[in-house]
Amino acid sequence: MPMNPTRKRRLTIVLSILAAAAVAAVLAVLALQNNMNYLLTPSQVQSGEAASYSTFRLGGMVKAGSIQRSSDSLKVTFTVVDAGGAMPVEYTGILPDLFRDNQSVIATGHMDGARFVATEVLAKHDETYMPKELKDAMAKAHEGKQVEEAAAAQDKMP
Amino acid sequence: MTPELGQLALILAMLLALAQSVLPLVGAWRGNRALMAVARPAAAGQAVFVAMAFGILAWAFLRFDFSVQYVADNSNLALPWYYRIAAVWGAHEGSLLLWILILNVWTVALAAFSQKLPEVFASRVIAVMGLIAVGFLAFIIFTSNPFGRLLPMPGDGADLNPVLQDPGMTFHPPMLYMGYVGFSVAFAFSIAALLGGELEQAWVRWARPWTNVAWAFLTCGIVAGSWWAYAELGWGGWWFWDPVENASFMPWLVGVALIHAQAVTEKRGSLRAWTILLSIFAFSLSLLGTFLVRSGVLTSVHAFASDPRRGVFILAFLTIVVGGSLLLYALRAPKVLGGKPFKVVSRETALLISNLMFAVAAAMVLLGTLFPLIGDALNLGRISVGPPYFGFLFPLLMLPVVLLLPFGPFLRWGKGDAPVLKQLLLRAGIAAAACAIVAAFFVDGQPKAIAGVAALVWLTVGVLLYALKRWREMPRGRRYPAEMAGMLLAHLGVGVFVAGVLLSESLSVTRDVRMAPGETQHIGNYDFRFDGVHHTTGPNWTADQGVVTVTRNGSETTVMHPQKRTYPRGQVQTESAVDAGVTRDLYVALGEPMDANDIEGAWALRLYYKPFIRWIWAGGLLMMLGGLVCATDKRFRIKRSAKAEAGAEAADGLQIQETRA
């Protein structure tokens, strides 16, 4: 059947859409694979779940009294805890305004031995809000134990 | 008593919205003119009651009526009056009220200016606007009542989130919502066209300025948001590929595609189905934007406290709107097809390519933004997609757009000719290459910066060559009609924007340092001297204020005062100091004192030197201006008969008619 101009034009349009979609899909999948960051809690890291990721996000509460600043540089260390684990974190730079004791934070970085070296630290944006994914991740790791209680329990540990 | 009147006004508005949507739809279906005539008065009545509700809430804020929960939550006695007004849309309930108010502004304008459209079509358009209003009013009344009481009434309220106490944030939401909601007009047009089973080119012409204005507002809102993030979040970044930002960016991208597709449909009758599809997506993504920001399902650097239960309502609403309109599209789209054929080398093809790139870019952003939700649903774990995903794919998709942009206007409708394009390629290409070589010496051979200069010259020379061609070949008075001028302005804006992005990203110097009073840091030819921190107070905050003196070659450039503010309820907020300039910004933000008990000692400071960063927003504002100028074209308003139209087309020998290409 000979192609009339309308059909030919439609075919061109459809083919170019398909080609663009295919290229875009391949690129998107590649870029996604390289840039997916998993969110893990300290206890998940300690149970070895982080072994397969070079970079991941660590979420939990800042243990009260654990924030230690270096006196001559911007280096700061603190401990992130959840109900069943604790993880020392090292960060060089300026912390967000809302970063303080018992605050939920998400740090992006990698493991260096037993320490977590963060390249970015985010604190929650207002007092009543905990990021949903963090809440879920912590609930999942500990079947409903109260995070606040856990943090308090951590404080009492020697 | 007054807040209850507000509640009542909202309920009455919803009943009128029901009348505005159902009756004219039935009327248009049955051919009953009396029912169709209900549309306009019902829309006007709804607008009156919504405006009343909005006014009552604003009045409650101005009068410190803390017996209203929403007022008590978002303001206090110390909050200045201008931020009390801004507080009306500072949280969930009020921002929805603003949404519906703006929808009514658009509907009333639509009702007033649509007198020349066929009655059946106009009543369907207004009815679709009414349906949207019903959905949002129901959402407010049933899940997010801003007039809920708080008894006993507290003596003072809480506070407006300090991050929102900024001029940029005052304008950002209304502008953004004007854009979001403005796409509802194009959406209503498409749905009305699908319902009627026909789409006349004249109607598309009439719809174009509405889309342009909505898109211009959205551009303005995004620019304001970006500037706010830069000045207020204290990191000196202007775009983070954060879910909340992506939410406003997706409708913008589809909006760009829609504006260009509408031009093709109006001028040539082609791409009708595509135009309709784009207008459905532009509005659906606007709804999704509201959903993403307000439901709290995604973790975002500036996610505000919100209630996921409300998300369920918006999700259901979204499903009905998207599902319903796509179903209608599938059933009726074949009826509205048509248009003139075009060759491979033609303006249609150029516009189609840009359309595809923008649509794919929007899809890419959508995938990256929603991927954490998909991963969650498939039990892949808690995933977030990092900015490098967007930072890699987006420039890749926009590269062909930037390269092809200068050719677009030179191409003719239907069939273009190659020699003109070769000439353009040669001239603009040589200019861009020459400037890039010169620039390479000034930017230490930084490839990104060189690319920025080349892109700026390529786009600017391309646009100016076309402006010159018009000047030479067209008679006086017909050279630059508003539509043409708007297109040229917006395209120049693209060049300025691209140059701003590439130059500021490659040449910025950012340093986080520890500084004791008297110490100096050398950054980008400037010397920043830290002169210590003292205490200061404002209308509703106290602050540690730093003094940083900036000198260049020994002469003082400026004295900057970054602050670390503390608001009444203990919220801490960094207020960065910015010394703005055409070619560079200097940016200083206070971190924290090295010793919390000694604020007069050493501090952590962020010192930034940001060249050409203002060009990013200047480019955005030029695009906005282009959209607005374009919409003022007389051609969109005067209704000409088909015969006169054909005569005008024939008279234009060049066929390079006024185009918002």
# chains A, B, ... in the order shown; residues from 1 in each chain; ligands from 1

$ select_by_dssp --residues "segment 8-57 of chain A" --states "alpha helix (DSSP H)" --output "PyMOL selection string"
chain A and resi 8-35+42-46

$ write_last_selection --atoms "N, CA and C atoms" --output "mmCIF file, in the first residue's frame"
data_model
loop_
_atom_site.group_PDB
_atom_site.id
_atom_site.type_symbol
_atom_site.label_atom_id
_atom_site.label_comp_id
_atom_site.auth_asym_id
_atom_site.auth_seq_id
_atom_site.Cartn_x
_atom_site.Cartn_y
_atom_site.Cartn_z
ATOM 1 N N LYS A 8 2.788 8.916 6.170
ATOM 2 C CA LYS A 8 4.245 8.982 6.205
ATOM 3 C C LYS A 8 4.701 9.883 7.351
ATOM 4 N N ARG A 9 4.011 11.021 7.485
ATOM 5 C CA ARG A 9 4.389 11.968 8.530
ATOM 6 C C ARG A 9 4.172 11.338 9.903
ATOM 7 N N ARG A 10 3.040 10.664 10.035
ATOM 8 C CA ARG A 10 2.753 10.039 11.322
ATOM 9 C C ARG A 10 3.801 8.993 11.659
ATOM 10 N N LEU A 11 4.188 8.230 10.610
ATOM 11 C CA LEU A 11 5.203 7.192 10.825
ATOM 12 C C LEU A 11 6.499 7.830 11.309
ATOM 13 N N THR A 12 6.888 8.951 10.645
ATOM 14 C CA THR A 12 8.113 9.646 11.055
ATOM 15 C C THR A 12 8.011 10.072 12.519
ATOM 16 N N ILE A 13 6.847 10.645 12.855
ATOM 17 C CA ILE A 13 6.673 11.128 14.224
ATOM 18 C C ILE A 13 6.797 9.966 15.206
ATOM 19 N N VAL A 14 6.079 8.885 14.917
ATOM 20 C CA VAL A 14 6.087 7.747 15.830
ATOM 21 C C VAL A 14 7.492 7.174 15.974
ATOM 22 N N LEU A 15 8.194 7.032 14.811
ATOM 23 C CA LEU A 15 9.539 6.459 14.861
ATOM 24 C C LEU A 15 10.489 7.345 15.656
ATOM 25 N N SER A 16 10.382 8.670 15.454
ATOM 26 C CA SER A 16 11.315 9.538 16.189
ATOM 27 C C SER A 16 11.005 9.512 17.684
ATOM 28 N N ILE A 17 9.719 9.424 18.028
ATOM 29 C CA ILE A 17 9.370 9.325 19.454
ATOM 30 C C ILE A 17 9.957 8.039 20.032
ATOM 31 N N LEU A 18 9.789 6.931 19.286
ATOM 32 C CA LEU A 18 10.296 5.648 19.773
ATOM 33 C C LEU A 18 11.814 5.682 19.951
ATOM 34 N N ALA A 19 12.511 6.251 18.949
ATOM 35 C CA ALA A 19 13.972 6.303 19.021
ATOM 36 C C ALA A 19 14.418 7.132 20.217
ATOM 37 N N ALA A 20 13.795 8.307 20.366
ATOM 38 C CA ALA A 20 14.169 9.176 21.486
ATOM 39 C C ALA A 20 13.894 8.475 22.809
ATOM 40 N N ALA A 21 12.738 7.802 22.882
ATOM 41 C CA ALA A 21 12.370 7.131 24.125
ATOM 42 C C ALA A 21 13.372 6.030 24.457
ATOM 43 N N ALA A 22 13.803 5.293 23.419
ATOM 44 C CA ALA A 22 14.740 4.194 23.654
ATOM 45 C C ALA A 22 16.067 4.721 24.177
ATOM 46 N N VAL A 23 16.595 5.755 23.495
ATOM 47 C CA VAL A 23 17.872 6.338 23.930
ATOM 48 C C VAL A 23 17.741 6.867 25.346
ATOM 49 N N ALA A 24 16.649 7.594 25.591
ATOM 50 C CA ALA A 24 16.445 8.189 26.908
ATOM 51 C C ALA A 24 16.353 7.109 27.975
ATOM 52 N N ALA A 25 15.648 6.015 27.646
ATOM 53 C CA ALA A 25 15.468 4.952 28.634
ATOM 54 C C ALA A 25 16.806 4.325 29.009
ATOM 55 N N VAL A 26 17.632 4.049 27.973
ATOM 56 C CA VAL A 26 18.939 3.446 28.245
ATOM 57 C C VAL A 26 19.778 4.359 29.130
ATOM 58 N N LEU A 27 19.832 5.655 28.730
ATOM 59 C CA LEU A 27 20.628 6.607 29.508
ATOM 60 C C LEU A 27 20.098 6.742 30.930
ATOM 61 N N ALA A 28 18.762 6.790 31.046
ATOM 62 C CA ALA A 28 18.166 6.977 32.366
ATOM 63 C C ALA A 28 18.502 5.805 33.270
ATOM 64 N N VAL A 29 18.427 4.586 32.717
ATOM 65 C CA VAL A 29 18.727 3.414 33.538
ATOM 66 C C VAL A 29 20.182 3.432 33.987
ATOM 67 N N LEU A 30 21.089 3.780 33.037
ATOM 68 C CA LEU A 30 22.508 3.865 33.402
ATOM 69 C C LEU A 30 22.731 4.895 34.502
ATOM 70 N N ALA A 31 22.148 6.086 34.307
ATOM 71 C CA ALA A 31 22.356 7.160 35.277
ATOM 72 C C ALA A 31 21.739 6.798 36.621
ATOM 73 N N LEU A 32 20.586 6.120 36.580
ATOM 74 C CA LEU A 32 19.938 5.717 37.836
ATOM 75 C C LEU A 32 20.821 4.732 38.595
ATOM 76 N N GLN A 33 21.363 3.761 37.843
ATOM 77 C CA GLN A 33 22.191 2.741 38.492
ATOM 78 C C GLN A 33 23.370 3.360 39.217
ATOM 79 N N ASN A 34 23.933 4.409 38.608
ATOM 80 C CA ASN A 34 25.117 5.017 39.210
ATOM 81 C C ASN A 34 24.795 5.968 40.347
ATOM 82 N N ASN A 35 23.549 6.390 40.455
ATOM 83 C CA ASN A 35 23.246 7.457 41.405
ATOM 84 C C ASN A 35 22.200 7.098 42.443
ATOM 85 N N PRO A 42 22.178 2.802 61.549
ATOM 86 C CA PRO A 42 23.415 2.225 62.104
ATOM 87 C C PRO A 42 23.331 0.717 62.326
ATOM 88 N N SER A 43 22.202 0.222 62.852
ATOM 89 C CA SER A 43 22.150 -1.216 63.117
ATOM 90 C C SER A 43 22.172 -2.021 61.824
ATOM 91 N N GLN A 44 21.552 -1.467 60.752
ATOM 92 C CA GLN A 44 21.606 -2.157 59.463
ATOM 93 C C GLN A 44 23.040 -2.202 58.945
ATOM 94 N N VAL A 45 23.774 -1.088 59.147
ATOM 95 C CA VAL A 45 25.168 -1.053 58.713
ATOM 96 C C VAL A 45 25.972 -2.093 59.491
ATOM 97 N N GLN A 46 25.724 -2.158 60.807
ATOM 98 C CA GLN A 46 26.507 -3.078 61.629
ATOM 99 C C GLN A 46 26.194 -4.531 61.329
#

$ closest_atom_pairs --of "chain A" --to "chain B" --cutoff "6 Å" --atoms "only C-alpha atoms" --output "JSON lines"
{"residue": "A:Ala31", "atom": "CA", "partner": "B:Tyr389", "partner_atom": "CA", "distance": 5.2}
{"residue": "A:Asn35", "atom": "CA", "partner": "B:Gly386", "partner_atom": "CA", "distance": 5.2}
{"residue": "A:Met36", "atom": "CA", "partner": "B:Val385", "partner_atom": "CA", "distance": 4.8}
{"residue": "A:Asn37", "atom": "CA", "partner": "B:Ser384", "partner_atom": "CA", "distance": 5.1}
{"residue": "A:Tyr38", "atom": "CA", "partner": "B:Ile383", "partner_atom": "CA", "distance": 4.5}
{"residue": "A:Leu39", "atom": "CA", "partner": "B:Arg382", "partner_atom": "CA", "distance": 5.1}
{"residue": "A:Ile94", "atom": "CA", "partner": "B:Gly591", "partner_atom": "CA", "distance": 5.6}
{"residue": "A:Asp97", "atom": "CA", "partner": "B:Val572", "partner_atom": "CA", "distance": 5.9}
{"residue": "A:Tyr129", "atom": "CA", "partner": "B:Ala305", "partner_atom": "CA", "distance": 5.5}
{"residue": "A:Pro131", "atom": "CA", "partner": "B:Thr299", "partner_atom": "CA", "distance": 5.7}

$ residues_around --residues "Leu117 of chain B" --least-positions-apart "6" --cutoff "12 Å" --atoms "only C-alpha atoms" --output "ChimeraX atom specification"
/B:110-111,123-126,189,200,202-207,637-639

$ atom_distance --atom1 "atom CA of Trp227 of chain B" --atom2 "atom CA of Ile613 of chain B"
10.1 Å

$ residues_around --residues "segment 60-77 of chain A" --least-positions-apart "3" --cutoff "8 Å" --atoms "only C-alpha atoms" --output "number ranges by chain"
A: 41-42, 80-82, 88-94, 100-106, 134, 138, 151, 154-155; B: 512-514, 594, 604

$ residues_around --residues "Thr107 of chain B" --least-positions-apart "2" --cutoff "10 Å" --atoms "only C-alpha atoms" --output "number ranges by chain"
B: 40, 43-44, 46-47, 101-105, 109-113, 125-130, 133, 181-182, 184-185

$ closest_residue --among "B:Thr275, B:Thr290, B:Ser144, B:Asn379" --to "Leu10 of chain B" --atoms "only C-alpha atoms"
B:Ser144

$ select_by_dssp --residues "segment 24-55 of chain A" --states "strand (DSSP E or B)" --output "VMD selection string"
chain A and resid 36 to 40

$ closest_residue --among "B:Val38, B:Met14, B:Val345, B:Ala91" --to "Val134 of chain B" --atoms "only C-alpha atoms"
B:Met14

$ atom_distance --atom1 "atom CA of Val501 of chain B" --atom2 "atom CA of Ala449 of chain B"
9.1 Å

$ closest_residue --among "A:Phe78, A:Phe116, A:Phe56, A:Phe99" --to "Leu40 of chain A" --atoms "only C-alpha atoms"
A:Phe56

$ atom_distance --atom1 "atom CA of Met111 of chain A" --atom2 "atom CA of Ser54 of chain A"
7.7 Å
